[in-house]
>>> print(open('final-v9.cif').read())   # mmCIF, C-alpha atoms
data_coords
loop_
_atom_site.label_atom_id
_atom_site.label_comp_id
_atom_site.auth_asym_id
_atom_site.auth_seq_id
_atom_site.Cartn_x
_atom_site.Cartn_y
_atom_site.Cartn_z
CA MET P 1 -35.64 15.63 5.65
CA ALA P 2 -34.58 16.00 9.31
CA MET P 3 -31.32 17.78 10.16
CA SER P 4 -29.75 14.50 11.29
CA ASP P 5 -30.68 12.87 7.96
CA ARG P 6 -29.22 15.78 5.99
CA LEU P 7 -26.01 15.61 7.97
CA LEU P 8 -25.76 11.85 7.47
CA ALA P 9 -26.26 12.29 3.73
CA ALA P 10 -23.58 14.98 3.65
CA TRP P 11 -21.08 12.77 5.46
CA TYR P 12 -21.42 9.99 2.94
CA ALA P 13 -21.57 12.32 -0.07
CA GLY P 14 -18.52 14.32 1.00
CA HIS P 15 -20.27 17.70 1.00
CA PRO P 16 -17.69 20.54 0.79
CA ALA P 17 -19.50 22.62 3.44
CA LEU P 18 -18.35 20.09 6.07
CA LYS P 19 -14.93 21.76 5.98
CA LEU P 20 -16.46 24.45 8.19
CA LEU P 21 -16.72 21.83 10.95
CA GLN P 22 -13.03 20.88 10.89
CA PRO P 23 -12.12 22.92 14.01
CA LEU P 24 -14.78 21.01 15.98
CA GLU P 25 -13.55 17.76 14.44
CA TRP P 26 -10.02 18.54 15.63
CA LEU P 27 -11.27 19.03 19.19
CA TYR P 28 -13.28 15.81 19.02
CA ARG P 29 -10.31 13.82 17.71
CA ARG P 30 -8.16 15.18 20.48
CA VAL P 31 -10.63 14.08 23.14
CA VAL P 32 -11.16 10.54 21.82
CA THR P 33 -7.46 10.01 21.11
CA ARG P 34 -6.53 11.06 24.64
CA LYS P 35 -9.24 8.79 26.04
CA ARG P 36 -7.84 5.77 24.18
CA LYS P 37 -4.26 6.57 25.19
CA ARG P 38 -5.31 6.58 28.83
CA PHE P 39 -6.98 3.19 28.35
CA LEU P 40 -3.88 1.70 26.71
CA ALA P 41 -1.72 3.06 29.51
CA GLY P 42 -4.01 1.47 32.11
CA GLU P 43 -4.90 4.84 33.60
CA GLY P 44 -8.19 5.42 35.37
CA GLU P 45 -10.73 2.86 36.53
CA ILE P 46 -10.83 -0.04 34.07
CA TYR P 47 -12.85 -3.13 34.94
CA GLN P 48 -11.46 -6.49 33.79
CA PRO P 49 -14.23 -9.12 33.81
CA PRO P 50 -13.31 -12.60 35.10
CA VAL P 51 -14.67 -14.17 31.88
CA PRO P 52 -13.82 -13.30 28.26
CA LEU P 53 -15.60 -10.25 26.88
CA ILE P 54 -16.08 -9.55 23.16
CA VAL P 55 -17.04 -6.09 21.93
CA VAL P 56 -19.16 -6.03 18.77
CA GLY P 57 -19.24 -2.45 17.60
CA ASN P 58 -18.50 0.09 14.93
CA ILE P 59 -16.54 3.29 14.46
CA THR P 60 -19.24 4.98 12.39
CA VAL P 61 -22.56 6.59 13.19
CA GLY P 62 -25.42 4.69 11.59
CA GLY P 63 -26.48 1.09 11.19
CA THR P 64 -24.01 -1.63 10.23
CA GLY P 65 -25.97 -4.83 11.00
CA LYS P 66 -24.64 -5.16 14.52
CA THR P 67 -27.75 -6.71 16.09
CA PRO P 68 -28.08 -9.56 13.53
CA MET P 69 -24.39 -10.34 13.95
CA ILE P 70 -24.73 -10.47 17.73
CA LEU P 71 -27.70 -12.81 17.33
CA TRP P 72 -25.58 -15.08 15.12
CA MET P 73 -22.75 -15.10 17.68
CA ILE P 74 -25.12 -15.90 20.54
CA GLU P 75 -26.70 -18.82 18.68
CA HIS P 76 -23.32 -20.07 17.45
CA CYS P 77 -21.94 -20.11 20.99
CA GLN P 78 -25.08 -21.62 22.48
CA ARG P 79 -24.88 -24.51 20.01
CA SER P 80 -21.48 -25.29 21.54
CA GLY P 81 -23.02 -25.35 25.01
CA LEU P 82 -21.53 -22.03 26.11
CA ARG P 83 -23.37 -19.87 28.60
CA VAL P 84 -23.47 -16.46 26.91
CA GLY P 85 -24.54 -13.13 28.36
CA VAL P 86 -24.96 -9.74 26.70
CA VAL P 87 -24.53 -6.20 27.98
CA SER P 88 -25.84 -3.11 26.22
CA ARG P 89 -26.14 0.60 26.81
CA GLY P 90 -29.88 0.26 26.25
CA TYR P 91 -30.33 3.29 24.04
CA GLY P 92 -33.73 4.87 24.64
CA ALA P 93 -34.55 2.53 27.54
CA LYS P 94 -36.22 4.00 30.62
CA PRO P 95 -36.13 1.31 33.31
CA ALA P 96 -36.80 1.97 36.98
CA GLN P 97 -33.08 1.73 37.69
CA PHE P 98 -29.70 0.76 36.26
CA PRO P 99 -28.36 -1.83 35.84
CA TRP P 100 -31.54 -3.47 34.50
CA ARG P 101 -32.13 -7.09 33.52
CA VAL P 102 -34.12 -7.22 30.28
CA GLU P 103 -36.92 -9.81 30.13
CA ALA P 104 -38.89 -10.88 27.07
CA ASP P 105 -42.23 -9.59 28.41
CA GLN P 106 -41.03 -6.04 29.02
CA GLY P 107 -41.87 -3.14 26.74
CA ALA P 108 -39.36 -1.53 24.42
CA ASP P 109 -39.84 1.75 26.30
CA ILE P 110 -38.47 0.03 29.41
CA ALA P 111 -35.85 -2.29 27.89
CA GLY P 112 -34.84 -0.58 24.63
CA ASP P 113 -35.68 -1.99 21.21
CA GLU P 114 -32.43 -3.81 20.37
CA PRO P 115 -31.95 -5.43 23.83
CA LEU P 116 -35.58 -6.58 23.82
CA LEU P 117 -35.21 -8.04 20.32
CA ILE P 118 -32.12 -9.99 21.38
CA VAL P 119 -33.79 -11.42 24.49
CA GLN P 120 -37.02 -12.32 22.68
CA ARG P 121 -35.11 -14.07 19.90
CA THR P 122 -32.53 -15.98 22.00
CA GLY P 123 -33.55 -15.95 25.66
CA VAL P 124 -30.01 -14.87 26.53
CA PRO P 125 -29.41 -13.11 29.87
CA LEU P 126 -28.99 -9.42 29.07
CA MET P 127 -28.25 -6.42 31.27
CA ILE P 128 -28.47 -2.77 30.23
CA ASP P 129 -26.62 0.16 31.76
CA PRO P 130 -24.89 3.19 30.22
CA ASP P 131 -21.99 2.12 32.45
CA ARG P 132 -21.25 -1.22 30.82
CA SER P 133 -18.87 -2.22 33.62
CA SER P 134 -21.77 -2.07 36.05
CA ALA P 135 -23.88 -4.08 33.61
CA VAL P 136 -21.22 -6.81 33.41
CA LYS P 137 -20.86 -6.99 37.20
CA ALA P 138 -24.64 -7.26 37.65
CA LEU P 139 -24.90 -9.89 34.94
CA LEU P 140 -22.19 -12.05 36.49
CA ALA P 141 -23.78 -11.67 39.91
CA SER P 142 -27.10 -12.95 38.56
CA GLU P 143 -25.87 -16.23 37.07
CA PRO P 144 -22.71 -18.07 35.95
CA LEU P 145 -21.53 -17.29 32.42
CA ASP P 146 -18.69 -18.45 30.18
CA LEU P 147 -18.62 -15.50 27.79
CA ILE P 148 -20.02 -11.97 27.54
CA LEU P 149 -20.81 -10.02 24.38
CA SER P 150 -20.92 -6.24 24.54
CA ASP P 151 -23.46 -4.75 22.15
CA ASP P 152 -21.39 -1.82 20.93
CA GLY P 153 -19.11 -0.21 23.53
CA MET P 154 -16.04 0.19 21.32
CA GLN P 155 -15.44 3.59 22.88
CA HIS P 156 -16.44 2.57 26.42
CA TYR P 157 -12.90 2.44 27.74
CA ARG P 158 -13.76 1.81 31.37
CA LEU P 159 -14.41 -1.80 30.33
CA ALA P 160 -11.53 -4.10 29.34
CA ARG P 161 -12.10 -6.42 26.42
CA ASP P 162 -10.52 -9.57 25.02
CA LEU P 163 -11.68 -9.20 21.43
CA GLU P 164 -12.90 -6.29 19.33
CA LEU P 165 -15.01 -6.79 16.19
CA VAL P 166 -15.89 -3.80 14.02
CA LEU P 167 -18.76 -3.86 11.53
CA ILE P 168 -18.81 -1.62 8.45
CA ASP P 169 -21.55 -1.14 5.87
CA ALA P 170 -19.85 -2.34 2.68
CA ALA P 171 -22.00 -0.09 0.47
CA ARG P 172 -21.55 3.14 2.42
CA GLY P 173 -18.06 2.48 3.73
CA LEU P 174 -16.63 5.16 6.03
CA GLY P 175 -18.14 8.13 4.21
CA ASN P 176 -15.75 11.06 3.98
CA LYS P 177 -13.50 9.32 6.56
CA ARG P 178 -13.65 12.29 8.92
CA CYS P 179 -14.58 12.27 12.60
CA LEU P 180 -17.63 13.84 14.18
CA PRO P 181 -19.10 16.33 13.53
CA ALA P 182 -17.40 16.73 10.13
CA GLY P 183 -17.89 13.05 9.27
CA PRO P 184 -19.46 9.81 10.53
CA LEU P 185 -16.42 8.41 12.38
CA ARG P 186 -16.56 7.99 16.15
CA GLU P 187 -12.81 7.46 16.20
CA PRO P 188 -10.04 8.17 13.66
CA ILE P 189 -9.76 5.68 10.82
CA GLU P 190 -6.41 4.49 12.24
CA ARG P 191 -8.39 2.80 15.01
CA LEU P 192 -9.21 -0.03 12.59
CA GLN P 193 -5.55 -1.10 12.67
CA SER P 194 -5.87 -2.10 16.35
CA VAL P 195 -9.08 -4.16 16.26
CA ASP P 196 -9.10 -7.94 16.00
CA ALA P 197 -11.41 -8.25 13.00
CA VAL P 198 -13.41 -6.11 10.60
CA LEU P 199 -16.63 -7.41 9.01
CA PHE P 200 -18.23 -5.83 5.96
CA ASN P 201 -22.01 -6.04 5.87
CA GLY P 202 -23.16 -6.74 2.33
CA ALA P 203 -19.78 -7.68 0.89
CA ALA P 204 -20.00 -10.57 -1.56
CA HIS P 205 -16.58 -11.97 -0.66
CA ASP P 206 -13.94 -11.65 2.03
CA ARG P 207 -11.57 -8.75 1.48
CA ASP P 208 -7.93 -8.14 2.23
CA ASP P 209 -8.99 -5.83 5.06
CA GLY P 210 -11.80 -7.91 6.53
CA PHE P 211 -14.44 -10.63 6.41
CA ALA P 212 -17.74 -10.58 4.55
CA PHE P 213 -21.19 -11.18 5.91
CA GLN P 214 -24.67 -10.95 4.45
CA LEU P 215 -28.07 -10.28 5.98
CA GLN P 216 -30.37 -12.96 4.61
CA PRO P 217 -34.17 -12.61 4.86
CA THR P 218 -35.70 -15.86 6.09
CA ALA P 219 -39.44 -15.39 6.70
CA LEU P 220 -42.34 -13.02 7.25
CA ILE P 221 -43.71 -12.94 10.80
CA ASN P 222 -47.15 -11.53 11.56
CA LEU P 223 -46.98 -8.98 14.38
CA LYS P 224 -50.47 -9.72 15.67
CA THR P 225 -50.51 -13.54 15.61
CA GLY P 226 -46.84 -14.55 15.43
CA GLU P 227 -47.66 -16.61 12.34
CA ARG P 228 -44.58 -17.41 10.28
CA ARG P 229 -44.89 -17.35 6.49
CA PRO P 230 -42.35 -18.10 3.73
CA LEU P 231 -40.98 -15.29 1.61
CA ASP P 232 -43.29 -16.23 -1.26
CA HIS P 233 -46.29 -15.31 0.91
CA PHE P 234 -46.46 -12.11 -1.15
CA PRO P 235 -46.29 -12.62 -4.92
CA PRO P 236 -43.75 -10.79 -7.10
CA GLY P 237 -44.84 -7.23 -7.73
CA GLN P 238 -46.76 -6.95 -4.44
CA ALA P 239 -47.12 -3.32 -3.38
CA LEU P 240 -46.68 -2.75 0.34
CA HIS P 241 -45.77 -0.12 2.91
CA ALA P 242 -42.21 -0.54 4.21
CA VAL P 243 -41.26 0.85 7.62
CA ALA P 244 -37.70 1.11 8.89
CA GLY P 245 -36.43 3.02 11.92
CA ILE P 246 -32.84 1.80 11.74
CA GLY P 247 -29.45 3.35 11.08
CA ASN P 248 -29.69 2.80 7.32
CA PRO P 249 -33.35 2.40 6.24
CA ARG P 250 -32.38 2.26 2.56
CA ARG P 251 -30.73 -1.13 3.09
CA PHE P 252 -34.05 -2.56 4.31
CA PHE P 253 -35.99 -1.08 1.39
CA ASN P 254 -33.43 -2.50 -1.04
CA THR P 255 -33.85 -5.93 0.55
CA LEU P 256 -37.60 -5.82 -0.07
CA GLU P 257 -36.94 -4.89 -3.68
CA THR P 258 -34.61 -7.88 -4.11
CA LEU P 259 -37.56 -10.03 -3.03
CA HIS P 260 -39.39 -8.60 -6.06
CA TRP P 261 -41.91 -6.60 -4.07
CA GLN P 262 -42.76 -2.93 -4.61
CA PRO P 263 -42.21 -1.20 -1.28
CA ILE P 264 -43.48 2.30 -0.57
CA PRO P 265 -40.66 3.42 1.74
CA HIS P 266 -41.33 5.09 5.10
CA GLY P 267 -38.01 5.85 6.75
CA PHE P 268 -37.92 6.86 10.42
CA ALA P 269 -35.12 7.90 12.74
CA ASP P 270 -33.10 5.14 14.37
CA HIS P 271 -34.89 3.90 17.55
CA ALA P 272 -38.04 5.83 16.56
CA GLU P 273 -41.15 5.55 18.69
CA TYR P 274 -44.32 4.55 16.85
CA SER P 275 -48.06 4.95 17.16
CA VAL P 276 -51.12 3.86 15.19
CA GLN P 277 -51.40 7.38 13.80
CA ALA P 278 -47.77 7.47 12.64
CA LEU P 279 -48.26 4.23 10.69
CA ASN P 280 -51.68 5.03 9.23
CA PHE P 281 -50.70 5.06 5.57
CA THR P 282 -52.76 5.25 2.40
CA PRO P 283 -53.55 3.44 0.25
CA SER P 284 -54.47 0.43 2.35
CA LEU P 285 -51.73 -2.17 1.75
CA PRO P 286 -49.86 -4.80 3.76
CA LEU P 287 -47.16 -3.27 5.96
CA VAL P 288 -43.70 -4.82 6.40
CA MET P 289 -41.18 -3.55 8.94
CA THR P 290 -37.90 -4.58 10.50
CA GLU P 291 -37.83 -6.88 13.51
CA LYS P 292 -36.33 -4.05 15.56
CA ASP P 293 -39.38 -1.91 14.78
CA ALA P 294 -41.77 -4.77 15.41
CA VAL P 295 -40.91 -5.07 19.11
CA LYS P 296 -42.39 -1.57 19.55
CA CYS P 297 -45.53 -2.11 17.47
CA ARG P 298 -47.01 -5.47 18.51
CA ALA P 299 -49.44 -3.95 21.01
CA PHE P 300 -51.31 -1.98 18.33
CA ALA P 301 -50.53 -3.96 15.18
CA ALA P 302 -53.14 -4.49 12.49
CA ALA P 303 -53.86 -7.90 11.00
CA ASP P 304 -51.77 -7.29 7.87
CA TRP P 305 -48.60 -6.01 9.59
CA TRP P 306 -45.51 -8.17 9.21
CA TYR P 307 -41.83 -8.02 9.99
CA LEU P 308 -39.07 -9.48 7.89
CA ALA P 309 -36.94 -11.92 9.86
CA VAL P 310 -33.29 -11.50 8.88
CA ASP P 311 -30.29 -13.61 9.85
CA ALA P 312 -26.61 -12.77 9.57
CA ALA P 313 -24.59 -15.16 7.42
CA PRO P 314 -20.86 -14.59 7.95
CA SER P 315 -18.30 -16.07 5.58
CA PRO P 316 -16.85 -19.54 6.32
CA ALA P 317 -13.48 -17.87 6.88
CA PHE P 318 -14.92 -15.72 9.66
CA VAL P 319 -16.64 -18.70 11.30
CA ALA P 320 -13.32 -20.57 11.35
CA TRP P 321 -11.50 -17.50 12.69
CA PHE P 322 -14.11 -16.95 15.40
CA ASP P 323 -13.95 -20.58 16.53
CA THR P 324 -10.17 -20.26 16.79
CA GLN P 325 -10.58 -17.19 19.00
CA LEU P 326 -13.04 -19.03 21.25
CA MET P 327 -10.52 -21.86 21.64
CA ARG P 328 -7.90 -19.30 22.63
CA LEU P 329 -10.09 -17.44 25.10
CA LEU P 330 -11.98 -20.26 26.79
CA PRO P 331 -10.79 -23.21 28.89
CA ALA P 332 -10.65 -26.44 26.89
CA ARG P 333 -13.24 -28.06 29.18
CA LEU P 334 -15.91 -25.66 27.90
CA LEU P 335 -15.45 -26.46 24.24
CA PRO P 336 -16.81 -29.48 22.38
#
>>> encode(input="final-v9.cif", output="C-alpha cells")
Amino acid sequence: MAMSDRLLAAWYAGHPALKLLQPLEWLYRRVVTRKRKRFLAGEGEIYQPPVPLIVVGNITVGGTGKTPMILWMIEHCQRSGLRVGVVSRGYGAKPAQFPWRVEADQGADIAGDEPLLIVQRTGVPLMIDPDRSSAVKALLASEPLDLILSDDGMQHYRLARDLELVLIDAARGLGNKRCLPAGPLREPIERLQSVDAVLFNGAAHDRDDGFAFQLQPTALINLKTGERRPLDHFPPGQALHAVAGIGNPRRFFNTLETLHWQPIPHGFADHAEYSVQALNFTPSLPLVMTEKDAVKCRAFAAADWWYLAVDAAPSPAFVAWFDTQLMRLLPARLLP
C-alpha cells in the first residue's frame, strides 16, 4: 500500500499516531483561516465574473462524486437552454500554455482526465488553468455564456462565487474531522456552515444537514468500439477485472458487486497514468473501469475492455432548490 493510501486509511480510521501531526495541522489551519478572512474582507485581488459562478467542490481530500454531479448540472442547465461553461484546475494536464481550451479530441495528458471526460460527455466549453480567474476570463472571451461552473475551487479565493456546493461521501464522512496533514479536511469543519448546500453522495434520503444524491450505473461502454450495452450484458456471477484510479476506488468496486458481478479489484492512485503493461492482468477476463479512467485508455484498449457509465441522481428536493437558485441568479429572460 502506497504512503498516500496508508495516510488516507489512517485519516478515516482515526489512527492515534496522527496526533503527532497536530502541530503541522495547527499551522495549516492558521494559513487557510487567514486566507478565507482576507477573502471575506475583500482584501487582495479577487475577480468577480460578470455572469453567475457556481463552485462545486469539497472540503476533504479524496473522491466525493464531484464530476458526475457537475455533469448532471451541465445537462440540467442545458435542457433549460442555458449556455454553460466550466473552468477547472486541470490536475495532471500538460498543455502548451495556460489558460487552455479543452477539446474532445485532445489526450488526457494534455487536457486532464476529468476535464476531458466532461467535454466528451457534454460538449460544454471548458477552460483549464491553475489560476481559475484567468480560466474564467479566457472562457468568457471565447464565447457568450449565461453561467459558469467551477470544478472544485472551494479554496481558490481569488475567484468570487455566487453559490458554493460541497459534496461529501456519505459512507466515509469527514474522517477524523481534522485538517491536513492530521486529517482529510482542506478547511476546518466550521466551513460547512457558510456554504449554500451540502450534498451527500450515497445517502438514501435527504438529511437535516444536506441533500442526498446517488450515483446510478446506466450502461457498459466498450472502450475500443464505443458500443453501448445494458447492465445485463454480463450475467450474475461474472468474474472480471475492475480498475479504478479515483479518489475512493472502493466505491466503484462496491458498485460492481451490487450489479451481482465478481470484480477482482485493481485500485490505482487518483488520476493515475496507465499503460498496456499496467493493465495486463491474469487470468484473462473482461475488464471494467471507470469513465474517468477510460479517457486515458482508449488508444490501447483491448476488445473486452469496458467502462461503467454512471449518472448522478440528486434528490427531488435538491433539484427544486437548485432551480430556485437559478431563478435568483439569472435574468428572467433566460429561464423557461
>>> residues_around(input="final-v9.cif", residues="region 156-163 of chain P", least_positions_apart="2", cutoff="7 Å", atoms="all atoms listed in the file", output="PyMOL selection string")
chain P and resi 39+45-48+52-55+132-133+153-154+165+196
>>> residues_around(input="final-v9.cif", residues="region 23-32 of chain P", least_positions_apart="2", cutoff="6 Å", atoms="only C-alpha atoms", output="list of chain:residue names")
P:Leu21, P:Arg34, P:Lys35, P:Cys179, P:Leu180, P:Pro181, P:Ala182
>>> resolve_selection(input="final-v9.cif", expression="the PyMOL selection byres ((chain P and resi 329-331) around 12)", output="VMD selection string")
chain P and resid 50 to 54 77 80 82 to 83 145 to 148 161 to 163 322 to 328 332 to 336
>>> resolve_selection(input="final-v9.cif", expression="the PyMOL selection byres ((chain P and resi 261) around 9)", output="ChimeraX atom specification")
/P:234-240,256-260,262-263
>>> atom_distance(input="final-v9.cif", atom1="CA of His241 (chain P)", atom2="CA of Asp311 (chain P)")
21.7 Å
>>> resolve_selection(input="final-v9.cif", expression="the PyMOL selection byres ((chain P and resi 267) around 12)", output="number ranges by chain")
P: 1-2, 5, 241-253, 263-266, 268-272, 274, 278-279, 289-290, 293
>>> atom_distance(input="final-v9.cif", atom1="CA of Trp100 (chain P)", atom2="CA of Gly65 (chain P)")
24.2 Å
>>> closest_residue(input="final-v9.cif", among="P:Leu40, P:Met69, P:Ala10, P:Ala93", to="Leu167 (chain P)", atoms="all atoms listed in the file")
P:Met69
>>> closest_residue(input="final-v9.cif", among="P:Gln216, P:Gln22, P:Gln193, P:Thr67", to="Asp151 (chain P)", atoms="all atoms listed in the file")
P:Thr67
>>> residues_around(input="final-v9.cif", residues="Asp109 (chain P)", least_positions_apart="3", cutoff="12 Å", atoms="all atoms listed in the file", output="CSV table (one decimal) with C-alpha atoms, keeping the file's coordinate frame")
chain,number,residue,atom,x,y,z
P,90,GLY,CA,-29.9,0.3,26.2
P,91,TYR,CA,-30.3,3.3,24.0
P,92,GLY,CA,-33.7,4.9,24.6
P,93,ALA,CA,-34.6,2.5,27.5
P,94,LYS,CA,-36.2,4.0,30.6
P,95,PRO,CA,-36.1,1.3,33.3
P,96,ALA,CA,-36.8,2.0,37.0
P,102,VAL,CA,-34.1,-7.2,30.3
P,105,ASP,CA,-42.2,-9.6,28.4
P,106,GLN,CA,-41.0,-6.0,29.0
P,112,GLY,CA,-34.8,-0.6,24.6
P,113,ASP,CA,-35.7,-2.0,21.2
P,114,GLU,CA,-32.4,-3.8,20.4
P,115,PRO,CA,-32.0,-5.4,23.8
P,116,LEU,CA,-35.6,-6.6,23.8
P,271,HIS,CA,-34.9,3.9,17.6
P,272,ALA,CA,-38.0,5.8,16.6
P,273,GLU,CA,-41.2,5.6,18.7
P,274,TYR,CA,-44.3,4.6,16.8
P,295,VAL,CA,-40.9,-5.1,19.1
P,296,LYS,CA,-42.4,-1.6,19.6
P,297,CYS,CA,-45.5,-2.1,17.5
>>> axis_aligned_box(input="final-v9.cif", around="region 138-151 of chain P", padding_each_side="6 Å", output="lines of an AutoDock Vina configuration file")
center_x = -22.9
center_y = -11.6
center_z = 31.0
size_x = 20.5
size_y = 25.7
size_z = 29.8
>>> atom_distance(input="final-v9.cif", atom1="CA of Asn280 (chain P)", atom2="CA of Ala111 (chain P)")
25.5 Å
>>> closest_residue(input="final-v9.cif", among="P:Leu223, P:Glu291, P:Phe281, P:Leu185", to="Ile118 (chain P)", atoms="all atoms listed in the file")
P:Glu291
>>> closest_residue(input="final-v9.cif", among="P:Val86, P:Leu192, P:Val61, P:Val166", to="Asp129 (chain P)", atoms="all atoms listed in the file")
P:Val86
>>> residues_around(input="final-v9.cif", residues="Gly210 (chain P)", least_positions_apart="2", cutoff="10 Å", atoms="only C-alpha atoms", output="list in words")
Val166, Leu167, Ile168, Asp196, Ala197, Val198, Leu199, Phe200, Ala203, His205, Asp206, Arg207, Asp208, Ala212, Phe213 and Phe318 of chain P
>>> closest_residue(input="final-v9.cif", among="P:Leu8, P:Ala138, P:Leu231, P:Ala170", to="Asp209 (chain P)", atoms="all atoms listed in the file")
P:Ala170
>>> decode(input="final-v9.cif", residues="region 88-104 of chain P", atoms="N, CA and C atoms", output="PDB file, in the first residue's frame")
ATOM      1  N   SER P  88     -11.705  24.588 -14.701  1.00  0.00           N
ATOM      2  CA  SER P  88     -11.095  23.555 -13.876  1.00  0.00           C
ATOM      3  C   SER P  88      -9.610  23.843 -13.737  1.00  0.00           C
ATOM      4  N   ARG P  89      -9.047  23.366 -12.640  1.00  0.00           N
ATOM      5  CA  ARG P  89      -7.601  23.467 -12.466  1.00  0.00           C
ATOM      6  C   ARG P  89      -6.883  22.643 -13.530  1.00  0.00           C
ATOM      7  N   GLY P  90      -7.480  21.510 -13.908  1.00  0.00           N
ATOM      8  CA  GLY P  90      -6.840  20.638 -14.876  1.00  0.00           C
ATOM      9  C   GLY P  90      -5.716  19.832 -14.272  1.00  0.00           C
ATOM     10  N   TYR P  91      -6.020  19.161 -13.169  1.00  0.00           N
ATOM     11  CA  TYR P  91      -4.989  18.408 -12.455  1.00  0.00           C
ATOM     12  C   TYR P  91      -4.314  17.404 -13.388  1.00  0.00           C
ATOM     13  N   GLY P  92      -2.997  17.429 -13.424  1.00  0.00           N
ATOM     14  CA  GLY P  92      -2.235  16.498 -14.248  1.00  0.00           C
ATOM     15  C   GLY P  92      -2.130  16.882 -15.711  1.00  0.00           C
ATOM     16  N   ALA P  93      -2.830  17.939 -16.131  1.00  0.00           N
ATOM     17  CA  ALA P  93      -2.794  18.358 -17.531  1.00  0.00           C
ATOM     18  C   ALA P  93      -1.465  19.045 -17.855  1.00  0.00           C
ATOM     19  N   LYS P  94      -1.002  18.833 -19.068  1.00  0.00           N
ATOM     20  CA  LYS P  94       0.256  19.451 -19.513  1.00  0.00           C
ATOM     21  C   LYS P  94       0.053  20.073 -20.892  1.00  0.00           C
ATOM     22  N   PRO P  95      -0.776  21.114 -20.981  1.00  0.00           N
ATOM     23  CA  PRO P  95      -0.994  21.773 -22.268  1.00  0.00           C
ATOM     24  C   PRO P  95       0.191  22.663 -22.631  1.00  0.00           C
ATOM     25  N   ALA P  96       0.171  23.171 -23.851  1.00  0.00           N
ATOM     26  CA  ALA P  96       1.260  24.035 -24.304  1.00  0.00           C
ATOM     27  C   ALA P  96       1.298  25.342 -23.534  1.00  0.00           C
ATOM     28  N   GLN P  97       0.144  25.763 -23.020  1.00  0.00           N
ATOM     29  CA  GLN P  97       0.066  27.024 -22.282  1.00  0.00           C
ATOM     30  C   GLN P  97      -1.210  27.031 -21.453  1.00  0.00           C
ATOM     31  N   PHE P  98      -1.275  27.971 -20.514  1.00  0.00           N
ATOM     32  CA  PHE P  98      -2.484  28.239 -19.753  1.00  0.00           C
ATOM     33  C   PHE P  98      -2.906  29.686 -20.010  1.00  0.00           C
ATOM     34  N   PRO P  99      -4.202  29.979 -20.012  1.00  0.00           N
ATOM     35  CA  PRO P  99      -5.314  29.026 -19.961  1.00  0.00           C
ATOM     36  C   PRO P  99      -5.414  28.198 -21.245  1.00  0.00           C
ATOM     37  N   TRP P 100      -6.080  27.036 -21.149  1.00  0.00           N
ATOM     38  CA  TRP P 100      -6.157  26.093 -22.258  1.00  0.00           C
ATOM     39  C   TRP P 100      -7.586  25.635 -22.444  1.00  0.00           C
ATOM     40  N   ARG P 101      -8.085  25.759 -23.687  1.00  0.00           N
ATOM     41  CA  ARG P 101      -9.428  25.297 -24.015  1.00  0.00           C
ATOM     42  C   ARG P 101      -9.364  23.795 -24.304  1.00  0.00           C
ATOM     43  N   VAL P 102     -10.126  23.020 -23.564  1.00  0.00           N
ATOM     44  CA  VAL P 102     -10.148  21.573 -23.733  1.00  0.00           C
ATOM     45  C   VAL P 102     -11.107  21.206 -24.856  1.00  0.00           C
ATOM     46  N   GLU P 103     -10.632  20.373 -25.784  1.00  0.00           N
ATOM     47  CA  GLU P 103     -11.449  19.868 -26.879  1.00  0.00           C
ATOM     48  C   GLU P 103     -11.538  18.353 -26.779  1.00  0.00           C
ATOM     49  N   ALA P 104     -12.605  17.790 -27.339  1.00  0.00           N
ATOM     50  CA  ALA P 104     -12.910  16.373 -27.167  1.00  0.00           C
ATOM     51  C   ALA P 104     -11.857  15.456 -27.784  1.00  0.00           C
TER      52      ALA P 104
END
